[in-house]
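Undergrad: I am attaching a structure below and will ask some questions about it afterwards.
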Amino acid sequence: MVNRGLHSHPSHGSSTLLASRFRARKLCGSAITFYTFFIFAFSFFLFLFYLRHFVPDEHQHHLPHPRPHPHSQSQSRSRSRSPQESSKYQYQEQLWDSPFSHALHSCLKPTAKYKGSQGFDGYLTVRSNGGLNQMRTGISDMVAVAHIMNATLVIPQLDKRSFWQDSSVFSDVFDEDHFIDSLKRDIRIVKELPKNLEAGPRARKHFTSWSGVGYYEEMKRLWNEYQVIHVAKSDSRLANNDLPLDIQRLRCRAMYQALRFSLPIEDLGKRLVDRLRSRGGRYIALHLRYEKDMLSFTGCTYGLTDAESEELRVLRENTNYWKVKKINSTEQRIGGFCPLTPKEVGVFLQALGFPPLTPIYIAAGEIYGGNTHLAELSSRFPNLVFKESLATPEELKAFTNHASQTAALDYIICVESDVFVPSHAGNMARAVEGHRRFLGHRKTINPDRKGLVEIFDKLETGELKEGAELAHLVQQMHKNRQGAPRRRLGSPAGIKGRARFRTEESFYENPYPECICGSRSKLETT
């Protein structure tokens, strides 16, 4: 009777019954204490039982939605990892994160004092020189020069005489109509010279490199004698620094807005980015400067056979417009002037912590030595992707033998990548890094080639082994080389005269602060 009462629900009736029986039997004090204790314990047990069903779990209390966000799911998975595994996972996630941008944003709007095209004094014709990105920066400079000189700019001619022998014209690579229309408030642009001026006299000028506004103001005197000035070279014609804010922003408007690629290039570039994303989401774009012309021009032969080194020397000797013929390859490498080899890139990315199956898009021409040298990278990172494996032969057919157009495809894919890694600081590397800074400081990891040579040499001699120590050295060396916001660098201390201009950081490599502003910037904001 007592046990059945203890296991039934404690109702008012049952309590009365128990009480009457206790009175009838005249229980002793110890028995009353014993039953009272059990009744209290049983009631407390029932309280806890009901509380379990009606009070929400403390973890559920903090979830705003019944279905957690994917990021929450990854955090839940990380909670099941060991502390060491969790730390490694968090570091690998950080590898993909862009640097903190401090609320900086692009700013292109002219100041209140800016005056656009005010008519024109004459025509400026331009022959661009170099590869795609050398021409792009040169054309952007010429837009600013035309504004300073109050000139009408004739659509520039592209370089057809360089190493690549590309026959592309301006409209093959760039959206010509967009270029003209987007700059119409800044300068007047025409597609060709008026017929009556085609055969007339013109001033032919090699404008001085890295010149300021004063120089071009002085050049305006040429309009007294000529209606047409022809510029034989367009690259590096303007200084990187100490120019009016409106001139710098005009350069940025030309580079990042007006010089849009032609529709076929833009369309295919976007499709290739989408295909890369569909393969695994995030990807690295690696600008692997290991083409024959690059190695020959720089004189970098480390890791090559004697026959390959001799082939590169002969090419350099026979290329007339390459001024320097005798180059000490060892000195070049120790000084950090050589591109990383495919093997060195593999060691570098692995030491940074990128997983072996990371998709890596190779932005490059034909790799010197083909698979013989490329295998030293693919053995560590087998998921290498080329535009030839992303696009169909039919899609690439129109771009065959047009190096500037295929370079434009690479440029689009590099700018849109999650991480950009250049193996050498050439024109494309600088242009892509600057564009990524302009778009919000997207992550760019710049290898410290000079510092890495010392590490790679220690690996070669066995003084250092691959593993935790190597990873620590490489990661510490590059923690401040990942594209975080900073002002443009000037020339190193001790360099004087015009030599300092050559050693300054390029304006197009880092357009901060003129074209990148903060919410409280002293510069004119957008």
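Residues are referred to by chain and number: the chain letter is A, B, ... according to the order shown in the structure tokens, the number counts from 1 in that chain, and ligands are numbered separately from 1 in the order shown.
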Go through stretch 273-510 of chain A and collect every residue that DSSP, computed from the backbone, puts in alpha helix (DSSP H); the answer should be as an MDAnalysis selection string.
TA: chainID A and resid 273:280 292:298 306:318 329:334 342:352 371:378 387:390 393:397 403:415 427:438 449:461 468:477 499:503
Undergrad: Do you know which residues are at most 10 Å from stretch 292-299 of chain A counting only C-alpha atoms, after dropping those on the same chain fewer than 4 positions away, and could you put them as a ChimeraX atom specification?
TA: /A:163-164,308-317,319,322-333,337-339,365-369,424,426
Undergrad: Could you pull the residues within 8 Å of A:Glu376, counting only C-alpha atoms, minus those fewer than 6 positions along the same chain, as a ChimeraX atom specification?
TA: /A:342-343,346
Undergrad: Output N, CA and C atoms of each residue in that selection to a file, as an mmCIF file, in the first residue's frame.
TA:
data_model
loop_
_atom_site.group_PDB
_atom_site.id
_atom_site.type_symbol
_atom_site.label_atom_id
_atom_site.label_comp_id
_atom_site.auth_asym_id
_atom_site.auth_seq_id
_atom_site.Cartn_x
_atom_site.Cartn_y
_atom_site.Cartn_z
ATOM 1 N N PRO A 342 58.874 26.444 -60.143
ATOM 2 C CA PRO A 342 57.683 25.677 -59.749
ATOM 3 C C PRO A 342 57.879 24.897 -58.450
ATOM 4 N N LYS A 343 59.071 24.328 -58.268
ATOM 5 C CA LYS A 343 59.342 23.585 -57.028
ATOM 6 C C LYS A 343 59.307 24.520 -55.831
ATOM 7 N N GLY A 346 55.821 25.420 -54.835
ATOM 8 C CA GLY A 346 55.181 24.319 -54.122
ATOM 9 C C GLY A 346 55.589 24.264 -52.661
#
Undergrad: Could you pull the residues within 7 Å of stretch 446-450 of chain A, counting only C-alpha atoms, minus those fewer than 2 positions along the same chain, as a PyMOL selection string?
TA: chain A and resi 334-336+421-423+444+452-453+481-482
Undergrad: Give the strand (DSSP E) residues of stretch 237-306 of chain A, as assigned by DSSP on the backbone, as a list in words.
TA: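 Output for stretch 237-306 of chain A, strand (DSSP E) only: Ile284, Ala285, Leu286 and His287 of chain A.
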Undergrad: Excluding same-chain residues fewer than 5 positions from stretch 97-107 of chain A, what lies within 7 Å of it counting only C-alpha atoms, as JSON, numbers by chain?
TA: {"A": [438, 439, 440, 441, 442, 443, 483, 484, 485, 515, 516, 517, 518, 519, 525, 526]}
Undergrad: Can I get the selected residues back with N, CA and C atoms, as a compact mmCIF listing (two decimals), in the first residue's frame?
TA:
# COMPACT_ATOMS: atom_id res chain seq x y z
N PHE A 438 42.27 48.15 -54.80
CA PHE A 438 41.22 49.10 -55.14
C PHE A 438 39.84 48.51 -54.88
N LEU A 439 39.68 47.21 -55.10
CA LEU A 439 38.39 46.55 -54.93
C LEU A 439 38.09 46.12 -53.50
N GLY A 440 38.94 46.48 -52.56
CA GLY A 440 38.67 46.14 -51.16
C GLY A 440 39.76 45.35 -50.49
N HIS A 441 40.99 45.50 -50.97
CA HIS A 441 42.14 44.81 -50.39
C HIS A 441 41.93 43.30 -50.32
N ARG A 442 41.61 42.74 -51.48
CA ARG A 442 41.54 41.28 -51.58
C ARG A 442 42.92 40.69 -51.34
N LYS A 443 42.94 39.48 -50.83
CA LYS A 443 44.20 38.91 -50.34
C LYS A 443 45.20 38.66 -51.47
N GLY A 483 48.71 41.90 -48.50
CA GLY A 483 47.82 42.86 -49.14
C GLY A 483 47.03 43.75 -48.20
N ALA A 484 47.45 43.87 -46.95
CA ALA A 484 46.74 44.73 -46.02
C ALA A 484 46.91 46.20 -46.41
N PRO A 485 45.97 47.06 -46.03
CA PRO A 485 46.06 48.48 -46.40
C PRO A 485 47.33 49.13 -45.86
N CYS A 515 43.19 57.07 -54.42
CA CYS A 515 41.99 56.42 -54.96
C CYS A 515 41.34 55.45 -53.99
N ILE A 516 41.84 55.40 -52.75
CA ILE A 516 41.28 54.55 -51.70
C ILE A 516 41.15 55.42 -50.46
N CYS A 517 39.94 55.58 -49.98
CA CYS A 517 39.66 56.53 -48.90
C CYS A 517 39.01 55.84 -47.71
N GLY A 518 39.15 56.48 -46.55
CA GLY A 518 38.44 56.05 -45.36
C GLY A 518 37.23 56.94 -45.13
N SER A 519 36.39 56.57 -44.19
CA SER A 519 35.17 57.34 -43.94
C SER A 519 35.47 58.74 -43.43
N THR A 525 36.08 62.27 -50.85
CA THR A 525 35.53 60.92 -50.95
C THR A 525 34.53 60.85 -52.08
N THR A 526 34.07 59.61 -52.37
CA THR A 526 33.15 59.41 -53.48
C THR A 526 31.81 60.03 -53.18
Undergrad: Please determine, counting only C-alpha atoms, which residue among A:Ser211, A:Ser378, A:Ser162, A:Asn383 has the shortest atom-to-atom distance to A:Gly280.
TA: A:Asn383
Undergrad: With only C-alpha atoms as the basis for distance, which of A:Asn510, A:Ser404, A:Gln118, A:Gln90 is at the shortest distance from A:Ile265?
TA: A:Ser404
Undergrad: Ranking A:Gln405, A:Ser182, A:Gln92, A:Thr125 by minimum distance to A:Asp166 and counting only C-alpha atoms, which one comes first?
TA: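 Of A:Gln405, A:Ser182, A:Gln92, A:Thr125, the one nearest A:Asp166, counting only C-alpha atoms, is A:Gln405.
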Undergrad: Distance table requested - stretch 222-328 of chain A against stretch 139-161 of chain A, cut-off 12 Å, only C-alpha atoms: one row per qualifying residue with the closest atom pair and its distance in Å to one decimal, ordered by chain and rising residue number, as a tab-separated table.
TA:
residue	atom	partner	partner_atom	distance
A:Leu222	CA	A:Met149	CA	10.0
A:Trp223	CA	A:Met149	CA	9.2
A:Tyr226	CA	A:Ala151	CA	11.8
A:Gln227	CA	A:Ala151	CA	9.6
A:Val228	CA	A:Ala151	CA	9.2
A:Ile229	CA	A:Ala151	CA	9.3
A:His230	CA	A:Val154	CA	9.9
A:Val231	CA	A:Met142	CA	9.0
A:Ala232	CA	A:Gln157	CA	10.1
A:Lys233	CA	A:Asp159	CA	9.7
A:Ser234	CA	A:Ile139	CA	6.5
A:Asp235	CA	A:Asp141	CA	7.6
A:Ser236	CA	A:Asp141	CA	7.5
A:Arg237	CA	A:Asp141	CA	6.6
A:Leu238	CA	A:Asp141	CA	6.2
A:Ala239	CA	A:Asp141	CA	9.4
A:Asn240	CA	A:Asp141	CA	10.3
A:Leu243	CA	A:Ala144	CA	10.7
A:Pro244	CA	A:Ile148	CA	10.8
A:Leu245	CA	A:Ala144	CA	11.6
A:Asp246	CA	A:Ala144	CA	9.5
A:Ile247	CA	A:Ala144	CA	6.2
A:Gln248	CA	A:Ala144	CA	8.1
A:Arg249	CA	A:Ala144	CA	9.3
A:Leu250	CA	A:Ala144	CA	6.3
A:Arg251	CA	A:Ser140	CA	5.3
A:Cys252	CA	A:Ser140	CA	7.6
A:Arg253	CA	A:Ser140	CA	8.4
A:Ala254	CA	A:Ser140	CA	5.2
A:Met255	CA	A:Ser140	CA	5.6
A:Tyr256	CA	A:Ser140	CA	9.3
A:Gln257	CA	A:Ser140	CA	10.5
A:Ala258	CA	A:Ser140	CA	8.9
A:Leu259	CA	A:Ser140	CA	8.2
A:Arg260	CA	A:Ser140	CA	11.9
A:Thr319	CA	A:Arg161	CA	11.6
A:Asn320	CA	A:Arg161	CA	11.5
A:Tyr321	CA	A:Arg161	CA	10.2
Undergrad: Can those selected residues be exported to a file as a compact mmCIF listing (two decimals), in the first residue's frame so that it contains N, CA and C atoms?
TA:
# COMPACT_ATOMS: atom_id res chain seq x y z
N LEU A 222 54.59 72.91 -77.77
CA LEU A 222 54.66 72.25 -79.08
C LEU A 222 53.42 72.54 -79.92
N TRP A 223 52.31 72.89 -79.25
CA TRP A 223 51.08 73.19 -80.02
C TRP A 223 51.25 74.46 -80.86
N TYR A 226 52.81 72.48 -83.98
CA TYR A 226 52.23 71.23 -84.50
C TYR A 226 50.79 71.07 -84.03
N GLN A 227 50.02 70.43 -84.90
CA GLN A 227 48.65 70.06 -84.52
C GLN A 227 48.59 68.64 -83.97
N VAL A 228 49.66 67.88 -84.23
CA VAL A 228 49.71 66.48 -83.79
C VAL A 228 51.04 66.21 -83.10
N ILE A 229 50.96 65.60 -81.92
CA ILE A 229 52.16 65.12 -81.22
C ILE A 229 52.06 63.61 -81.14
N HIS A 230 53.10 62.92 -81.59
CA HIS A 230 53.12 61.45 -81.54
C HIS A 230 54.03 60.99 -80.40
N VAL A 231 53.48 60.15 -79.51
CA VAL A 231 54.22 59.62 -78.36
C VAL A 231 54.67 58.20 -78.69
N ALA A 232 56.00 58.00 -78.76
CA ALA A 232 56.53 56.72 -79.22
C ALA A 232 56.47 55.63 -78.15
N LYS A 233 56.49 56.02 -76.88
CA LYS A 233 56.40 55.05 -75.77
C LYS A 233 55.46 55.60 -74.72
N SER A 234 54.65 54.73 -74.16
CA SER A 234 53.63 55.21 -73.21
C SER A 234 53.88 54.80 -71.77
N ASP A 235 54.76 53.84 -71.51
CA ASP A 235 54.88 53.32 -70.15
C ASP A 235 55.68 54.25 -69.25
N SER A 236 55.24 54.37 -68.01
CA SER A 236 55.93 55.13 -66.96
C SER A 236 56.21 56.57 -67.36
N ARG A 237 55.26 57.20 -68.02
CA ARG A 237 55.47 58.59 -68.43
C ARG A 237 55.07 59.59 -67.35
N LEU A 238 54.40 59.13 -66.32
CA LEU A 238 53.99 60.01 -65.22
C LEU A 238 54.61 59.55 -63.91
N ALA A 239 54.89 60.51 -63.04
CA ALA A 239 55.44 60.19 -61.73
C ALA A 239 54.44 59.38 -60.91
N ASN A 240 54.95 58.62 -59.95
CA ASN A 240 54.06 57.87 -59.06
C ASN A 240 53.46 58.77 -57.99
N LEU A 243 51.67 64.29 -57.53
CA LEU A 243 50.80 64.81 -58.58
C LEU A 243 49.49 65.28 -57.94
N PRO A 244 48.77 66.22 -58.59
CA PRO A 244 47.49 66.67 -58.03
C PRO A 244 46.52 65.50 -57.85
N LEU A 245 45.70 65.60 -56.82
CA LEU A 245 44.74 64.55 -56.51
C LEU A 245 43.85 64.22 -57.71
N ASP A 246 43.39 65.23 -58.42
CA ASP A 246 42.50 64.99 -59.55
C ASP A 246 43.18 64.26 -60.70
N ILE A 247 44.47 64.48 -60.88
CA ILE A 247 45.22 63.75 -61.92
C ILE A 247 45.34 62.29 -61.51
N GLN A 248 45.63 62.02 -60.25
CA GLN A 248 45.75 60.64 -59.78
C GLN A 248 44.41 59.90 -59.91
N ARG A 249 43.33 60.58 -59.58
CA ARG A 249 42.02 59.92 -59.69
C ARG A 249 41.62 59.71 -61.15
N LEU A 250 42.05 60.61 -62.02
CA LEU A 250 41.79 60.40 -63.44
C LEU A 250 42.52 59.15 -63.93
N ARG A 251 43.74 58.94 -63.47
CA ARG A 251 44.47 57.71 -63.82
C ARG A 251 43.69 56.48 -63.36
N CYS A 252 43.13 56.55 -62.16
CA CYS A 252 42.36 55.42 -61.64
C CYS A 252 41.07 55.21 -62.43
N ARG A 253 40.40 56.29 -62.81
CA ARG A 253 39.17 56.14 -63.60
C ARG A 253 39.50 55.48 -64.94
N ALA A 254 40.62 55.86 -65.52
CA ALA A 254 41.03 55.25 -66.78
C ALA A 254 41.35 53.77 -66.61
N MET A 255 42.11 53.46 -65.57
CA MET A 255 42.60 52.09 -65.36
C MET A 255 41.49 51.13 -64.93
N TYR A 256 40.68 51.55 -63.98
CA TYR A 256 39.74 50.63 -63.36
C TYR A 256 38.31 50.73 -63.87
N GLN A 257 38.00 51.78 -64.63
CA GLN A 257 36.65 51.92 -65.18
C GLN A 257 36.64 51.96 -66.70
N ALA A 258 37.48 52.80 -67.28
CA ALA A 258 37.41 53.01 -68.73
C ALA A 258 38.00 51.86 -69.53
N LEU A 259 39.12 51.30 -69.06
CA LEU A 259 39.79 50.24 -69.81
C LEU A 259 39.15 48.88 -69.53
N ARG A 260 37.88 48.78 -69.80
CA ARG A 260 37.18 47.51 -69.68
C ARG A 260 37.53 46.64 -70.87
N THR A 319 67.93 39.04 -78.99
CA THR A 319 66.78 39.95 -78.85
C THR A 319 67.30 41.37 -78.73
N ASN A 320 67.18 42.13 -79.79
CA ASN A 320 67.83 43.44 -79.88
C ASN A 320 67.37 44.44 -78.83
N TYR A 321 66.07 44.46 -78.50
CA TYR A 321 65.58 45.48 -77.59
C TYR A 321 65.77 45.11 -76.13
Undergrad: Using only C-alpha atoms for the distances, tell me which of A:Leu286, A:Leu409, A:Ile180, A:Ala403 is nearest to A:Phe381.
TA: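 The closest residue to A:Phe381 is A:Leu286.
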Undergrad: A:Arg277: which residues within 12 Å, counting only C-alpha atoms, same-chain residues fewer than 3 positions away excluded, as an MDAnalysis selection string?
TA: chainID A and resid 270:274 280:284 358:361 385 390 413 416:418
Undergrad: Store the residues picked out above, limited to all heavy atoms, as a compact mmCIF listing (two decimals), in the first residue's frame.
TA:
# COMPACT_ATOMS: atom_id res chain seq x y z
N LYS A 270 34.43 35.63 -67.27
CA LYS A 270 33.45 35.39 -66.20
C LYS A 270 33.00 33.92 -66.19
O LYS A 270 32.79 33.33 -65.12
CB LYS A 270 32.25 36.31 -66.38
CG LYS A 270 32.56 37.77 -66.09
CD LYS A 270 31.40 38.69 -66.42
CE LYS A 270 31.77 40.16 -66.18
NZ LYS A 270 30.68 41.08 -66.61
N ARG A 271 32.84 33.33 -67.37
CA ARG A 271 32.46 31.92 -67.44
C ARG A 271 33.54 31.03 -66.82
O ARG A 271 33.24 30.05 -66.11
CB ARG A 271 32.22 31.50 -68.89
CG ARG A 271 30.76 31.67 -69.34
CD ARG A 271 30.58 31.19 -70.76
NE ARG A 271 30.99 32.19 -71.72
CZ ARG A 271 31.44 31.95 -72.94
NH1 ARG A 271 31.58 30.71 -73.35
NH2 ARG A 271 31.78 32.93 -73.75
N LEU A 272 34.81 31.35 -67.08
CA LEU A 272 35.90 30.54 -66.54
C LEU A 272 35.98 30.66 -65.02
O LEU A 272 36.25 29.68 -64.33
CB LEU A 272 37.23 30.95 -67.18
CG LEU A 272 37.33 30.76 -68.70
CD1 LEU A 272 38.74 31.06 -69.19
CD2 LEU A 272 36.93 29.35 -69.11
N VAL A 273 35.71 31.86 -64.50
CA VAL A 273 35.68 32.04 -63.04
C VAL A 273 34.56 31.19 -62.44
O VAL A 273 34.75 30.51 -61.42
CB VAL A 273 35.50 33.53 -62.68
CG1 VAL A 273 35.20 33.68 -61.18
CG2 VAL A 273 36.74 34.33 -63.05
N ASP A 274 33.38 31.20 -63.07
CA ASP A 274 32.25 30.40 -62.58
C ASP A 274 32.59 28.91 -62.59
O ASP A 274 32.23 28.18 -61.65
CB ASP A 274 31.00 30.66 -63.43
CG ASP A 274 30.42 32.05 -63.20
OD1 ASP A 274 30.74 32.67 -62.17
OD2 ASP A 274 29.64 32.52 -64.06
N GLY A 280 35.13 23.76 -56.63
CA GLY A 280 35.47 23.65 -55.21
C GLY A 280 35.31 24.94 -54.45
O GLY A 280 35.76 25.04 -53.30
N GLY A 281 34.72 25.95 -55.06
CA GLY A 281 34.48 27.20 -54.36
C GLY A 281 35.68 28.13 -54.40
O GLY A 281 35.83 28.95 -55.30
N ARG A 282 36.60 27.99 -53.45
CA ARG A 282 37.74 28.90 -53.34
C ARG A 282 38.92 28.39 -54.18
O ARG A 282 39.12 27.19 -54.35
CB ARG A 282 38.16 29.04 -51.88
CG ARG A 282 37.06 29.61 -51.01
CD ARG A 282 37.48 29.76 -49.57
NE ARG A 282 37.74 28.50 -48.90
CZ ARG A 282 37.78 28.35 -47.58
NH1 ARG A 282 37.55 29.40 -46.81
NH2 ARG A 282 38.03 27.18 -47.04
N TYR A 283 39.71 29.36 -54.68
CA TYR A 283 40.89 28.97 -55.45
C TYR A 283 41.98 30.02 -55.32
O TYR A 283 41.72 31.18 -55.03
CB TYR A 283 40.54 28.73 -56.92
CG TYR A 283 40.16 29.98 -57.71
CD1 TYR A 283 41.12 30.68 -58.45
CD2 TYR A 283 38.86 30.46 -57.74
CE1 TYR A 283 40.78 31.82 -59.18
CE2 TYR A 283 38.51 31.59 -58.47
CZ TYR A 283 39.48 32.26 -59.19
OH TYR A 283 39.14 33.39 -59.91
N ILE A 284 43.21 29.57 -55.54
CA ILE A 284 44.37 30.45 -55.63
C ILE A 284 44.63 30.73 -57.10
O ILE A 284 44.55 29.83 -57.93
CB ILE A 284 45.62 29.79 -55.01
CG1 ILE A 284 45.45 29.58 -53.50
CG2 ILE A 284 46.87 30.61 -55.28
CD1 ILE A 284 46.59 28.78 -52.87
N THR A 358 44.13 21.99 -52.76
CA THR A 358 43.69 23.35 -53.08
C THR A 358 43.70 23.58 -54.60
O THR A 358 44.71 23.33 -55.25
CB THR A 358 44.63 24.38 -52.43
OG1 THR A 358 44.60 24.20 -51.01
CG2 THR A 358 44.21 25.80 -52.77
N PRO A 359 42.59 24.06 -55.18
CA PRO A 359 42.61 24.38 -56.62
C PRO A 359 43.52 25.59 -56.86
O PRO A 359 43.39 26.62 -56.21
CB PRO A 359 41.15 24.73 -56.92
CG PRO A 359 40.35 24.16 -55.79
CD PRO A 359 41.24 24.23 -54.60
N ILE A 360 44.45 25.43 -57.79
CA ILE A 360 45.39 26.51 -58.13
C ILE A 360 45.29 26.79 -59.63
O ILE A 360 45.61 25.92 -60.45
CB ILE A 360 46.83 26.14 -57.75
CG1 ILE A 360 46.94 25.86 -56.25
CG2 ILE A 360 47.79 27.25 -58.17
CD1 ILE A 360 48.33 25.43 -55.80
N TYR A 361 44.83 27.98 -59.96
CA TYR A 361 44.78 28.37 -61.37
C TYR A 361 46.15 28.94 -61.77
O TYR A 361 46.67 29.84 -61.12
CB TYR A 361 43.70 29.43 -61.61
CG TYR A 361 43.70 29.91 -63.05
CD1 TYR A 361 43.09 29.14 -64.04
CD2 TYR A 361 44.31 31.11 -63.41
CE1 TYR A 361 43.11 29.56 -65.37
CE2 TYR A 361 44.32 31.52 -64.73
CZ TYR A 361 43.73 30.74 -65.71
OH TYR A 361 43.76 31.16 -67.01
N VAL A 385 45.06 24.02 -62.44
CA VAL A 385 44.06 24.31 -63.48
C VAL A 385 44.63 25.33 -64.45
O VAL A 385 45.20 26.35 -64.03
CB VAL A 385 42.76 24.85 -62.85
CG1 VAL A 385 41.69 25.03 -63.93
CG2 VAL A 385 42.25 23.93 -61.75
N LEU A 390 39.94 24.61 -68.57
CA LEU A 390 38.67 25.20 -68.18
C LEU A 390 37.79 25.50 -69.38
O LEU A 390 36.57 25.33 -69.33
CB LEU A 390 38.91 26.52 -67.42
CG LEU A 390 39.17 26.47 -65.92
CD1 LEU A 390 39.41 27.89 -65.41
CD2 LEU A 390 38.04 25.81 -65.17
N ILE A 413 40.67 36.33 -64.15
CA ILE A 413 40.63 35.21 -63.20
C ILE A 413 41.48 35.51 -61.97
O ILE A 413 41.12 35.15 -60.84
CB ILE A 413 41.10 33.91 -63.89
CG1 ILE A 413 40.12 33.55 -65.02
CG2 ILE A 413 41.21 32.76 -62.90
CD1 ILE A 413 40.57 32.42 -65.92
N GLU A 416 39.66 38.10 -59.66
CA GLU A 416 38.50 37.52 -58.99
C GLU A 416 38.85 36.39 -58.03
O GLU A 416 37.98 35.86 -57.36
CB GLU A 416 37.50 37.00 -60.03
CG GLU A 416 36.87 38.09 -60.88
CD GLU A 416 36.09 39.10 -60.06
OE1 GLU A 416 35.44 38.69 -59.08
OE2 GLU A 416 36.15 40.30 -60.38
N SER A 417 40.10 36.00 -57.94
CA SER A 417 40.50 34.85 -57.11
C SER A 417 40.36 35.18 -55.63
O SER A 417 40.31 36.34 -55.22
CB SER A 417 41.94 34.45 -57.42
OG SER A 417 42.84 35.48 -57.05
N ASP A 418 40.33 34.13 -54.80
CA ASP A 418 40.29 34.31 -53.34
C ASP A 418 41.65 34.73 -52.82
O ASP A 418 41.75 35.54 -51.90
CB ASP A 418 39.84 33.01 -52.68
CG ASP A 418 38.44 32.63 -53.09
OD1 ASP A 418 37.48 33.16 -52.50
OD2 ASP A 418 38.29 31.82 -54.03
Undergrad: Just give me the gap between atom CA of A:Lys115 and atom CA of A:Ile189 in Å, one decimal is fine.
TA: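 Distance reported for this atom pair: 16.4 Å.
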Undergrad: So how many Å separate atom CA of A:Gly122 and atom CA of A:Ser167, to one decimal?
TA: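 According to the coordinates, atom CA of A:Gly122 and atom CA of A:Ser167 are separated by 28.2 Å.
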Undergrad: Could you jot down the atom CA of A:Cys414 to atom CA of A:Gly269 separation for me, Å, one decimal place?
TA: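 So the two atoms, atom CA of A:Cys414 and atom CA of A:Gly269, lie 10.1 Å apart.
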